[in-house]
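Notes follow the structure.
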Amino acid sequence: MGETVRTLAYGSWPSPIDAATAAAHEGHPEYVGFVGDEAWWTEPRPTEGGRRTLVRRRPDGTEEPVLPAPWNVRSRVVEYGGHPWAGAVVDGRPLVVFVDFADQRLYRYEEGGTPRPISPVSEVGGGLRWVEPQLRLDLGEVWCVLEEFTGEGPTDVRRVLAAVPLDGSAAEDRDAVRELTDGRHRFVTGARISPDGRRAAWLAWDHPRMPWDGTELLVAEVGDHGTLGRPQIVAGGTEESIAQVDWSADGRLLYASDRSGWWNLHRDGQPLCRRPEEFGGPLWKLGLRWFAPLADGTIAVVHGRGSTALGILDPETGEIVDAAGPWTEFAPTLAVSGERVVAVGASPRSAYEVVELDTRTGRSRVIGAAHDDAVDPAYYPEPQIRTFTGPAGDEIHAHIYPPHNPGCVAPADTPPPYVVRAHGGPTDRAPLVLDLAIAYFTSRGIGVAEVDYGGSSGYGRAYRNRLREQWGVVDVEDCAAVALALADEGTADRDRLAIRGGSAGGWTAAASLTTTDVYACGTILYPILDLASWGTGETHDFESRYLESLIGRPTEVPARYTERSPAAQADRLTVPFLLLQGLDDVICPPAQCERFLARMEGRRVPYAYIAFEGEGHGFRRAETMIRVLESELSLYAQVFGLNPPGIPKLELAK
């Protein structure tokens, strides 16, 4: 006998997906690599203070964390970090160099030993930080990107390529760190060394550009003693973004450039596979990899349009053979060893897991962080890929997650409430993967719409450029267009729409509440709210001039900085909202929220503000994420008249 399906109002469906279950599955494996024949990667530990650990897969298939708590393998270079470790087998044992989050020093670790620091400490500003380590065992060094603060301000910083001795002689001696470049560029990526060891290639860019706007590809000769000659610019520019560079096995230069309007692969300046899809993406973190050359001349690629597949590209024919399997999305991390490719893939039915593709047989399999159904998969949402039309006739891409629960239906002729989710970046996009934080709502009878508004990556440069000088306009209009279209077609309840977003998505959520009447409430996480102060010293160096492309130069359009800021338009906000902020956030600092709330004083608009100690930009601790989900659900319950069982009530102040 099947279970009886109950008829219950939307938002009151009982669900096995509680906030603790969703929080425990937050985050995913990153930064895959090989140490000898073993695949290694970093993995989140939400219930261990939100740290990230290194995980290895032994030859017998067992996985084990390499470093116990409190070690936290995570870089803070450009605040978003990047690839934080490198390893090799030396004398039959793994030798690993990694960055620890607490002090940002490089540590050397050998199996059975204790990590010991090999980089020095600086008391100036944010100190010394490292990312993209590469072992140069022939030189007895590890080559990295060094970020060095020269003063107390967030933009008092320089970045160079540097070599750190593996023997620990630089642990107390800054002079023992060998700088490889001269700091003429504000931003650099780690160097990739050609197979013959004679050339190095890396990317560089300068303010006010962001790396998805324009980067230069630099190549320099490598001298006998590991010195770099004068670099030459071989590709890129102010309106050409190169997302990644590497070398083929026969020493030819490979890179992903968007000169055609899409990040496509090039070899020695010639396109290898010209397609209207992406073989690269926005370089928010240093060391992201969308392609990896194999010894036989083929290239492993993460590619797609709006979603990504893992494939093997034959550069001679331009043909790609994609890996078979259930995965519909691959993260920008790849590693190769011989005929093996290791990647990180996910699907609407499975969270991100470590996947290995054997290029000899074409077989792919999960080798690490395997998805495990924490609840009956019958409760997972069933997403729809949709395209909507914006106010100017532009396409808007979105993923729609209708309410879904195998044991419940709602009364006929009552459309459900919907939450529109605006992603961060704003150059990010919403991957079509299992997210228990979404299932937390859909399984209770609340629909979710993830909108890849104009400015999102994955759809070509022209789609990204729709947001130039239009931030707070195009993103707001596109989210509203999707919300209203869902209401018009009867999918969503026009009177029960909410908007939610974090970081740049928090900006979009706040701007939507202050400039439209589409939403009955909103959830705003670690947002930008006040453009003028954020763009004049309140944020970190990487994004300190980002607003020049998103809004316009402040000297030319000063009024726009006020007109678009939710903080300046706080008197126009009339619906309840939830504001969530990490107190250690240096990207979108708490001062933004505090000024916004000061302007709400006396307005009698119900709201809640929750600030979390020990959290930065993006929440990592399980207890934080539990409170966030339960508070968000309680807000919607109070505003939409829902009755979710067992949820603590969020107290709304006025």
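Naming scheme: A, B, ... for chains in displayed order of the structure tokens; residues 1 onward per chain; ligands 1 onward as shown.
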Counting only C-alpha atoms, which residues in segment 416-494 of chain A sit no more than 8 Å from segment 388-407 of chain A? For each one, give the nearest pair of atoms and the distance in Å, sorted by chain then residue number, as CSV.
residue,atom,partner,partner_atom,distance
A:Pro416,CA,A:Pro403,CA,7.5
A:Ala430,CA,A:His399,CA,7.8
A:Leu432,CA,A:His399,CA,7.3
A:Phe441,CA,A:Pro403,CA,7.7
A:Thr442,CA,A:Pro403,CA,4.3
A:Ser443,CA,A:Asn405,CA,5.0
A:Arg444,CA,A:Pro403,CA,7.1
A:Gly445,CA,A:Pro403,CA,4.6
A:Ile446,CA,A:Pro403,CA,5.3
A:Gly447,CA,A:Pro402,CA,4.6
A:Val448,CA,A:Tyr401,CA,5.0
A:Ala449,CA,A:Ile400,CA,4.5
A:Glu450,CA,A:His399,CA,5.1
A:Val451,CA,A:Ala398,CA,4.4
A:Asp452,CA,A:His397,CA,5.2
A:Tyr453,CA,A:Ile396,CA,5.9
A:Gly454,CA,A:Ile396,CA,6.9
A:Glu477,CA,A:Pro391,CA,7.2
A:Asp478,CA,A:Gly390,CA,5.8
A:Ala481,CA,A:Gly390,CA,5.9
A:Val482,CA,A:Phe388,CA,6.4
A:Ala485,CA,A:Phe388,CA,7.7
Could you take the residues named above and write them with all heavy atoms, as a compact mmCIF listing (two decimals), in the first residue's frame?
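Once everything was written out, this is again-v8.txt:
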# COMPACT_ATOMS: atom_id res chain seq x y z
N PRO A 416 1.53 28.60 -5.28
CA PRO A 416 2.44 28.61 -4.13
C PRO A 416 3.22 29.92 -4.01
O PRO A 416 3.39 30.66 -4.98
CB PRO A 416 3.40 27.47 -4.45
CG PRO A 416 3.45 27.43 -5.94
CD PRO A 416 2.06 27.80 -6.40
N ALA A 430 23.91 30.38 -11.43
CA ALA A 430 23.32 29.36 -10.56
C ALA A 430 23.53 27.99 -11.21
O ALA A 430 22.97 27.72 -12.26
CB ALA A 430 21.83 29.63 -10.38
N LEU A 432 23.01 24.04 -11.86
CA LEU A 432 21.84 23.16 -11.75
C LEU A 432 22.27 21.88 -11.01
O LEU A 432 22.57 20.86 -11.62
CB LEU A 432 21.29 22.82 -13.13
CG LEU A 432 19.90 22.18 -13.18
CD1 LEU A 432 18.84 23.17 -12.74
CD2 LEU A 432 19.59 21.68 -14.58
N PHE A 441 13.27 24.39 1.32
CA PHE A 441 12.06 25.19 1.06
C PHE A 441 11.08 24.44 0.15
O PHE A 441 9.88 24.40 0.44
CB PHE A 441 12.45 26.53 0.44
CG PHE A 441 13.19 27.41 1.40
CD1 PHE A 441 14.57 27.53 1.33
CD2 PHE A 441 12.53 28.11 2.40
CE1 PHE A 441 15.27 28.32 2.24
CE2 PHE A 441 13.22 28.90 3.31
CZ PHE A 441 14.60 29.01 3.23
N THR A 442 11.57 23.86 -0.94
CA THR A 442 10.64 23.23 -1.89
C THR A 442 9.91 22.06 -1.27
O THR A 442 8.74 21.82 -1.57
CB THR A 442 11.38 22.77 -3.16
OG1 THR A 442 12.45 21.88 -2.79
CG2 THR A 442 11.95 23.95 -3.93
N SER A 443 10.57 21.33 -0.36
CA SER A 443 9.91 20.18 0.27
C SER A 443 8.85 20.60 1.27
O SER A 443 8.03 19.78 1.70
CB SER A 443 10.96 19.29 0.96
OG SER A 443 11.63 20.01 1.98
N ARG A 444 8.85 21.89 1.64
CA ARG A 444 7.82 22.41 2.55
C ARG A 444 6.70 23.14 1.80
O ARG A 444 5.77 23.64 2.42
CB ARG A 444 8.47 23.35 3.57
CG ARG A 444 9.25 22.63 4.64
CD ARG A 444 10.08 23.56 5.51
NE ARG A 444 10.62 22.83 6.67
CZ ARG A 444 11.66 21.99 6.62
NH1 ARG A 444 12.29 21.83 5.46
NH2 ARG A 444 12.08 21.34 7.70
N GLY A 445 6.86 23.22 0.48
CA GLY A 445 5.79 23.84 -0.31
C GLY A 445 6.06 25.28 -0.70
O GLY A 445 5.13 26.05 -0.97
N ILE A 446 7.35 25.68 -0.74
CA ILE A 446 7.73 27.03 -1.19
C ILE A 446 8.61 26.87 -2.42
O ILE A 446 9.65 26.20 -2.37
CB ILE A 446 8.50 27.78 -0.07
CG1 ILE A 446 7.62 27.93 1.17
CG2 ILE A 446 8.96 29.14 -0.57
CD1 ILE A 446 8.38 28.47 2.38
N GLY A 447 8.20 27.48 -3.52
CA GLY A 447 8.98 27.38 -4.75
C GLY A 447 10.20 28.29 -4.71
O GLY A 447 10.24 29.28 -3.98
N VAL A 448 11.20 27.93 -5.51
CA VAL A 448 12.44 28.72 -5.61
C VAL A 448 12.74 28.95 -7.08
O VAL A 448 12.64 28.04 -7.91
CB VAL A 448 13.61 28.00 -4.92
CG1 VAL A 448 14.93 28.73 -5.18
CG2 VAL A 448 13.36 27.85 -3.42
N ALA A 449 13.11 30.19 -7.41
CA ALA A 449 13.53 30.54 -8.77
C ALA A 449 14.92 31.15 -8.71
O ALA A 449 15.11 32.20 -8.09
CB ALA A 449 12.54 31.54 -9.39
N GLU A 450 15.90 30.48 -9.31
CA GLU A 450 17.26 31.01 -9.39
C GLU A 450 17.41 31.71 -10.74
O GLU A 450 17.21 31.10 -11.79
CB GLU A 450 18.28 29.89 -9.29
CG GLU A 450 18.34 29.23 -7.93
CD GLU A 450 19.54 28.31 -7.82
OE1 GLU A 450 19.70 27.43 -8.68
OE2 GLU A 450 20.33 28.48 -6.88
N VAL A 451 17.76 32.99 -10.70
CA VAL A 451 17.79 33.80 -11.92
C VAL A 451 19.24 34.12 -12.31
O VAL A 451 19.99 34.70 -11.52
CB VAL A 451 17.01 35.12 -11.72
CG1 VAL A 451 17.02 35.94 -13.01
CG2 VAL A 451 15.57 34.81 -11.29
N ASP A 452 19.61 33.74 -13.51
CA ASP A 452 20.90 34.16 -14.08
C ASP A 452 20.66 35.45 -14.85
O ASP A 452 20.55 35.47 -16.09
CB ASP A 452 21.46 33.07 -14.99
CG ASP A 452 22.12 31.94 -14.22
OD1 ASP A 452 22.35 32.10 -13.01
OD2 ASP A 452 22.40 30.90 -14.83
N TYR A 453 20.55 36.53 -14.09
CA TYR A 453 20.24 37.84 -14.67
C TYR A 453 21.37 38.32 -15.57
O TYR A 453 22.48 37.77 -15.58
CB TYR A 453 19.99 38.84 -13.54
CG TYR A 453 21.05 38.86 -12.46
CD1 TYR A 453 22.25 39.54 -12.61
CD2 TYR A 453 20.85 38.17 -11.26
CE1 TYR A 453 23.21 39.55 -11.63
CE2 TYR A 453 21.81 38.16 -10.26
CZ TYR A 453 22.99 38.85 -10.45
OH TYR A 453 23.96 38.84 -9.47
N GLY A 454 21.10 39.35 -16.37
CA GLY A 454 22.13 39.93 -17.23
C GLY A 454 23.34 40.30 -16.40
O GLY A 454 23.21 40.95 -15.37
N GLU A 477 15.65 44.36 -12.72
CA GLU A 477 14.59 44.18 -13.72
C GLU A 477 14.45 42.72 -14.12
O GLU A 477 13.33 42.21 -14.29
CB GLU A 477 14.91 45.02 -14.96
CG GLU A 477 14.73 46.51 -14.75
CD GLU A 477 15.11 47.31 -15.98
OE1 GLU A 477 15.73 46.75 -16.92
OE2 GLU A 477 14.80 48.51 -16.00
N ASP A 478 15.59 42.01 -14.30
CA ASP A 478 15.52 40.62 -14.74
C ASP A 478 14.91 39.72 -13.67
O ASP A 478 14.09 38.84 -13.97
CB ASP A 478 16.92 40.11 -15.11
CG ASP A 478 17.41 40.66 -16.45
OD1 ASP A 478 16.68 41.48 -17.06
OD2 ASP A 478 18.51 40.28 -16.89
N ALA A 481 11.23 40.44 -13.67
CA ALA A 481 10.56 39.90 -14.87
C ALA A 481 10.26 38.41 -14.69
O ALA A 481 9.18 37.93 -15.06
CB ALA A 481 11.43 40.12 -16.10
N VAL A 482 11.21 37.67 -14.11
CA VAL A 482 10.99 36.24 -13.87
C VAL A 482 9.89 36.05 -12.83
O VAL A 482 8.97 35.23 -13.00
CB VAL A 482 12.30 35.55 -13.44
CG1 VAL A 482 12.03 34.12 -12.98
CG2 VAL A 482 13.31 35.57 -14.59
N ALA A 485 6.53 36.92 -14.36
CA ALA A 485 6.13 35.93 -15.37
C ALA A 485 5.60 34.67 -14.70
O ALA A 485 4.60 34.08 -15.15
CB ALA A 485 7.31 35.60 -16.28
**Asked** Please, what distance in Å, to one decimal, runs between atom CA of Arg545 of chain A and atom CA of Gln592 of chain A?
**Response**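 For atom CA of Arg545 of chain A relative to atom CA of Gln592 of chain A, the distance reads 17.2 Å.
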**Item:** Point-to-point distance in Å for atom CA of Tyr607 of chain A and atom CA of Tyr526 of chain A
**Value:** 15.4 Å
**Item:** segment 415-615 of chain A: residues DSSP assigns to strand (DSSP E or B), reported as a PyMOL selection string
**Value:** chain A and resi 418-422+447-452+497-502+521-525+577-582+607-612
Go ahead and write the residues just picked, C-alpha atoms, as a PDB file, in the first residue's frame.
ATOM      1  CA  TYR A 418       8.051  31.669  -4.435  1.00  0.00           C
ATOM      2  CA  VAL A 419      11.480  32.908  -3.420  1.00  0.00           C
ATOM      3  CA  VAL A 420      13.570  34.478  -6.183  1.00  0.00           C
ATOM      4  CA  ARG A 421      17.278  33.861  -5.546  1.00  0.00           C
ATOM      5  CA  ALA A 422      19.859  36.307  -6.935  1.00  0.00           C
ATOM      6  CA  GLY A 447       8.977  27.380  -4.751  1.00  0.00           C
ATOM      7  CA  VAL A 448      12.435  28.719  -5.612  1.00  0.00           C
ATOM      8  CA  ALA A 449      13.525  30.543  -8.772  1.00  0.00           C
ATOM      9  CA  GLU A 450      17.261  31.008  -9.392  1.00  0.00           C
ATOM     10  CA  VAL A 451      17.792  33.801 -11.921  1.00  0.00           C
ATOM     11  CA  ASP A 452      20.898  34.156 -14.080  1.00  0.00           C
ATOM     12  CA  LEU A 497       6.850  36.589  -3.727  1.00  0.00           C
ATOM     13  CA  ALA A 498      10.141  37.067  -1.859  1.00  0.00           C
ATOM     14  CA  ILE A 499      13.677  37.865  -2.999  1.00  0.00           C
ATOM     15  CA  ARG A 500      16.864  36.550  -1.472  1.00  0.00           C
ATOM     16  CA  GLY A 501      20.576  36.992  -2.192  1.00  0.00           C
ATOM     17  CA  GLY A 502      24.051  37.190  -0.703  1.00  0.00           C
ATOM     18  CA  CYS A 521       9.559  40.502   1.812  1.00  0.00           C
ATOM     19  CA  GLY A 522      13.235  39.749   1.340  1.00  0.00           C
ATOM     20  CA  THR A 523      16.334  38.085   2.796  1.00  0.00           C
ATOM     21  CA  ILE A 524      19.590  40.017   2.428  1.00  0.00           C
ATOM     22  CA  LEU A 525      22.894  38.315   3.256  1.00  0.00           C
ATOM     23  CA  PHE A 577      13.152  41.903   5.649  1.00  0.00           C
ATOM     24  CA  LEU A 578      15.854  39.767   7.233  1.00  0.00           C
ATOM     25  CA  LEU A 579      19.446  41.028   7.234  1.00  0.00           C
ATOM     26  CA  LEU A 580      22.287  38.568   7.908  1.00  0.00           C
ATOM     27  CA  GLN A 581      25.929  39.572   8.301  1.00  0.00           C
ATOM     28  CA  GLY A 582      29.301  38.110   9.321  1.00  0.00           C
ATOM     29  CA  TYR A 607      12.832  43.427  10.249  1.00  0.00           C
ATOM     30  CA  ALA A 608      15.445  41.234  11.923  1.00  0.00           C
ATOM     31  CA  TYR A 609      19.205  41.745  11.898  1.00  0.00           C
ATOM     32  CA  ILE A 610      21.449  38.849  12.890  1.00  0.00           C
ATOM     33  CA  ALA A 611      25.224  39.340  12.996  1.00  0.00           C
ATOM     34  CA  PHE A 612      27.481  36.306  13.385  1.00  0.00           C
TER      35      PHE A 612
END
**Fill in**
Shortest contact to Ser347 of chain A, candidates A:Glu382, A:Glu316, A:Asp91, A:Asp322, atoms counted only C-alpha atoms, goes to A:Glu382
**Asked** Between A:Arg468, A:Arg174, A:His83, A:Arg496, which is the closest to Glu132 of chain A once you count only C-alpha atoms?
**Response**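 Answer, going by the shortest atom-to-atom distance: A:His83.
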**Request:** Write out as an MDAnalysis selection string the residues lying within 7 Å of segment 11-20 of chain A, counting only C-alpha atoms and excluding same-chain residues fewer than 2 positions away.
**Result:** chainID A and resid 8:9 22:24 375 408 440 443:446 626 629:630 642:645
Let's have the selection written as a short mmCIF file (atom, residue, chain, number, x, y, z; two decimals), in the first residue's frame, with all heavy atoms.
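Okay, this is what ended up in selection-v5.cif:
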data_model
loop_
_atom_site.label_atom_id
_atom_site.label_comp_id
_atom_site.auth_asym_id
_atom_site.auth_seq_id
_atom_site.Cartn_x
_atom_site.Cartn_y
_atom_site.Cartn_z
N LEU A 8 -2.40 19.68 2.09
CA LEU A 8 -2.02 20.68 3.09
C LEU A 8 -1.62 21.96 2.37
O LEU A 8 -1.13 21.93 1.24
CB LEU A 8 -0.83 20.18 3.93
CG LEU A 8 -1.06 19.00 4.86
CD1 LEU A 8 0.27 18.50 5.41
CD2 LEU A 8 -2.00 19.40 5.99
N ALA A 9 -1.82 23.07 3.04
CA ALA A 9 -1.47 24.36 2.44
C ALA A 9 0.03 24.42 2.16
O ALA A 9 0.85 23.85 2.89
CB ALA A 9 -1.86 25.49 3.39
N ALA A 22 20.67 20.20 5.98
CA ALA A 22 21.12 21.08 4.89
C ALA A 22 22.48 21.68 5.21
O ALA A 22 23.37 21.75 4.34
CB ALA A 22 20.09 22.17 4.64
N ALA A 23 22.69 22.11 6.44
CA ALA A 23 23.95 22.76 6.82
C ALA A 23 25.12 21.79 6.75
O ALA A 23 26.22 22.15 6.33
CB ALA A 23 23.83 23.35 8.22
N ALA A 24 24.88 20.55 7.15
CA ALA A 24 25.96 19.55 7.16
C ALA A 24 26.45 19.24 5.76
O ALA A 24 27.57 18.76 5.57
CB ALA A 24 25.48 18.28 7.85
N VAL A 375 18.50 12.08 2.93
CA VAL A 375 17.06 11.84 3.07
C VAL A 375 16.60 11.10 1.82
O VAL A 375 17.34 10.95 0.85
CB VAL A 375 16.27 13.17 3.20
CG1 VAL A 375 16.71 13.95 4.43
CG2 VAL A 375 16.42 14.03 1.95
N CYS A 408 2.61 15.22 -0.03
CA CYS A 408 1.69 16.35 0.12
C CYS A 408 1.35 16.98 -1.22
O CYS A 408 2.18 17.05 -2.13
CB CYS A 408 2.30 17.43 1.02
SG CYS A 408 2.62 16.89 2.70
N TYR A 440 15.19 22.40 1.21
CA TYR A 440 14.61 22.76 2.51
C TYR A 440 13.31 23.53 2.32
O TYR A 440 12.33 23.32 3.06
CB TYR A 440 15.64 23.60 3.27
CG TYR A 440 15.22 24.12 4.62
CD1 TYR A 440 15.25 23.30 5.75
CD2 TYR A 440 14.82 25.44 4.79
CE1 TYR A 440 14.89 23.78 7.00
CE2 TYR A 440 14.47 25.94 6.04
CZ TYR A 440 14.50 25.11 7.14
OH TYR A 440 14.15 25.59 8.38
N SER A 443 10.57 21.33 -0.36
CA SER A 443 9.91 20.18 0.27
C SER A 443 8.85 20.60 1.27
O SER A 443 8.03 19.78 1.70
CB SER A 443 10.96 19.29 0.96
OG SER A 443 11.63 20.01 1.98
N ARG A 444 8.85 21.89 1.64
CA ARG A 444 7.82 22.41 2.55
C ARG A 444 6.70 23.14 1.80
O ARG A 444 5.77 23.64 2.42
CB ARG A 444 8.47 23.35 3.57
CG ARG A 444 9.25 22.63 4.64
CD ARG A 444 10.08 23.56 5.51
NE ARG A 444 10.62 22.83 6.67
CZ ARG A 444 11.66 21.99 6.62
NH1 ARG A 444 12.29 21.83 5.46
NH2 ARG A 444 12.08 21.34 7.70
N GLY A 445 6.86 23.22 0.48
CA GLY A 445 5.79 23.84 -0.31
C GLY A 445 6.06 25.28 -0.70
O GLY A 445 5.13 26.05 -0.97
N ILE A 446 7.35 25.68 -0.74
CA ILE A 446 7.73 27.03 -1.19
C ILE A 446 8.61 26.87 -2.42
O ILE A 446 9.65 26.20 -2.37
CB ILE A 446 8.50 27.78 -0.07
CG1 ILE A 446 7.62 27.93 1.17
CG2 ILE A 446 8.96 29.14 -0.57
CD1 ILE A 446 8.38 28.47 2.38
N ILE A 626 22.33 26.84 10.09
CA ILE A 626 21.05 26.38 10.66
C ILE A 626 20.19 27.59 11.03
O ILE A 626 19.01 27.66 10.68
CB ILE A 626 21.31 25.48 11.89
CG1 ILE A 626 21.92 24.15 11.45
CG2 ILE A 626 20.03 25.27 12.68
CD1 ILE A 626 22.47 23.32 12.59
N LEU A 629 18.82 29.42 7.81
CA LEU A 629 17.70 28.76 7.14
C LEU A 629 16.42 28.86 7.95
O LEU A 629 15.35 29.16 7.41
CB LEU A 629 18.04 27.29 6.88
CG LEU A 629 18.92 27.00 5.66
CD1 LEU A 629 19.29 25.53 5.62
CD2 LEU A 629 18.23 27.40 4.37
N GLU A 630 16.51 28.61 9.26
CA GLU A 630 15.30 28.66 10.08
C GLU A 630 14.74 30.07 10.18
O GLU A 630 13.52 30.27 10.18
CB GLU A 630 15.60 28.08 11.47
CG GLU A 630 15.87 26.58 11.43
CD GLU A 630 16.14 25.97 12.80
OE1 GLU A 630 16.42 26.73 13.75
OE2 GLU A 630 16.06 24.72 12.90
N LEU A 642 2.09 31.25 6.47
CA LEU A 642 2.36 29.82 6.39
C LEU A 642 2.49 29.25 7.80
O LEU A 642 2.65 29.98 8.77
CB LEU A 642 3.66 29.55 5.62
CG LEU A 642 3.87 30.32 4.31
CD1 LEU A 642 5.23 29.99 3.71
CD2 LEU A 642 2.75 29.99 3.31
N ASN A 643 2.45 27.91 7.86
CA ASN A 643 2.54 27.28 9.18
C ASN A 643 3.50 26.09 9.12
O ASN A 643 3.10 24.94 9.26
CB ASN A 643 1.15 26.82 9.63
CG ASN A 643 1.19 26.27 11.05
OD1 ASN A 643 2.03 26.66 11.85
ND2 ASN A 643 0.30 25.33 11.33
N PRO A 644 4.82 26.35 8.93
CA PRO A 644 5.76 25.22 8.89
C PRO A 644 5.96 24.65 10.29
O PRO A 644 6.22 25.39 11.24
CB PRO A 644 7.06 25.86 8.38
CG PRO A 644 6.96 27.31 8.76
CD PRO A 644 5.50 27.65 8.77
N PRO A 645 5.82 23.34 10.45
CA PRO A 645 5.92 22.76 11.79
C PRO A 645 7.37 22.77 12.30
O PRO A 645 8.32 22.57 11.56
CB PRO A 645 5.44 21.31 11.59
CG PRO A 645 5.58 21.03 10.13
CD PRO A 645 5.45 22.34 9.42
#
**Prompt:** Can you list, as a list of chain:residue names, every residue of segment 263-457 of chain A that DSSP puts in helix (DSSP H, G or I)?
**Reply:** A:Pro377, A:Ala378, A:Tyr379, A:Leu436, A:Ala437, A:Ile438, A:Ala439, A:Tyr440, A:Phe441, A:Thr442
Just to be explicit: take each residue in the selection above, keep all heavy atoms, and write the result as a compact mmCIF listing (two decimals), in the first residue's frame.
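Contents of part.txt, as written:
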# COMPACT_ATOMS: atom_id res chain seq x y z
N PRO A 377 15.47 10.56 -1.64
CA PRO A 377 15.56 11.47 -2.80
C PRO A 377 14.21 11.87 -3.38
O PRO A 377 14.15 12.79 -4.20
CB PRO A 377 16.37 10.67 -3.83
CG PRO A 377 16.90 9.48 -3.14
CD PRO A 377 16.17 9.30 -1.84
N ALA A 378 13.14 11.20 -2.96
CA ALA A 378 11.81 11.60 -3.43
C ALA A 378 11.48 13.03 -2.99
O ALA A 378 10.59 13.67 -3.57
CB ALA A 378 10.75 10.63 -2.90
N TYR A 379 12.22 13.53 -1.98
CA TYR A 379 11.98 14.89 -1.50
C TYR A 379 12.83 15.93 -2.23
O TYR A 379 12.68 17.13 -1.97
CB TYR A 379 12.24 14.98 0.01
CG TYR A 379 11.19 14.28 0.83
CD1 TYR A 379 11.31 12.93 1.15
CD2 TYR A 379 10.05 14.97 1.27
CE1 TYR A 379 10.33 12.28 1.89
CE2 TYR A 379 9.07 14.33 2.01
CZ TYR A 379 9.21 12.98 2.31
OH TYR A 379 8.23 12.35 3.04
N LEU A 436 20.61 21.20 -0.83
CA LEU A 436 19.61 20.91 0.21
C LEU A 436 19.04 22.17 0.83
O LEU A 436 17.96 22.14 1.43
CB LEU A 436 20.21 20.00 1.28
CG LEU A 436 20.52 18.57 0.84
CD1 LEU A 436 21.01 17.73 2.01
CD2 LEU A 436 19.31 17.91 0.19
N ALA A 437 19.74 23.32 0.69
CA ALA A 437 19.18 24.58 1.17
C ALA A 437 17.99 25.01 0.30
O ALA A 437 17.09 25.71 0.78
CB ALA A 437 20.25 25.67 1.19
N ILE A 438 17.99 24.62 -0.96
CA ILE A 438 16.81 24.85 -1.81
C ILE A 438 15.73 23.81 -1.48
O ILE A 438 14.55 24.14 -1.34
CB ILE A 438 17.20 24.80 -3.30
CG1 ILE A 438 18.05 26.04 -3.66
CG2 ILE A 438 15.96 24.73 -4.20
CD1 ILE A 438 18.54 26.05 -5.09
N ALA A 439 16.15 22.55 -1.36
CA ALA A 439 15.19 21.49 -1.03
C ALA A 439 14.50 21.73 0.31
O ALA A 439 13.36 21.31 0.51
CB ALA A 439 15.91 20.14 -1.03
N TYR A 440 15.19 22.40 1.21
CA TYR A 440 14.61 22.76 2.51
C TYR A 440 13.31 23.53 2.32
O TYR A 440 12.33 23.32 3.06
CB TYR A 440 15.64 23.60 3.27
CG TYR A 440 15.22 24.12 4.62
CD1 TYR A 440 15.25 23.30 5.75
CD2 TYR A 440 14.82 25.44 4.79
CE1 TYR A 440 14.89 23.78 7.00
CE2 TYR A 440 14.47 25.94 6.04
CZ TYR A 440 14.50 25.11 7.14
OH TYR A 440 14.15 25.59 8.38
N PHE A 441 13.27 24.39 1.32
CA PHE A 441 12.06 25.19 1.06
C PHE A 441 11.08 24.44 0.15
O PHE A 441 9.88 24.40 0.44
CB PHE A 441 12.45 26.53 0.44
CG PHE A 441 13.19 27.41 1.40
CD1 PHE A 441 14.57 27.53 1.33
CD2 PHE A 441 12.53 28.11 2.40
CE1 PHE A 441 15.27 28.32 2.24
CE2 PHE A 441 13.22 28.90 3.31
CZ PHE A 441 14.60 29.01 3.23
N THR A 442 11.57 23.86 -0.94
CA THR A 442 10.64 23.23 -1.89
C THR A 442 9.91 22.06 -1.27
O THR A 442 8.74 21.82 -1.57
CB THR A 442 11.38 22.77 -3.16
OG1 THR A 442 12.45 21.88 -2.79
CG2 THR A 442 11.95 23.95 -3.93
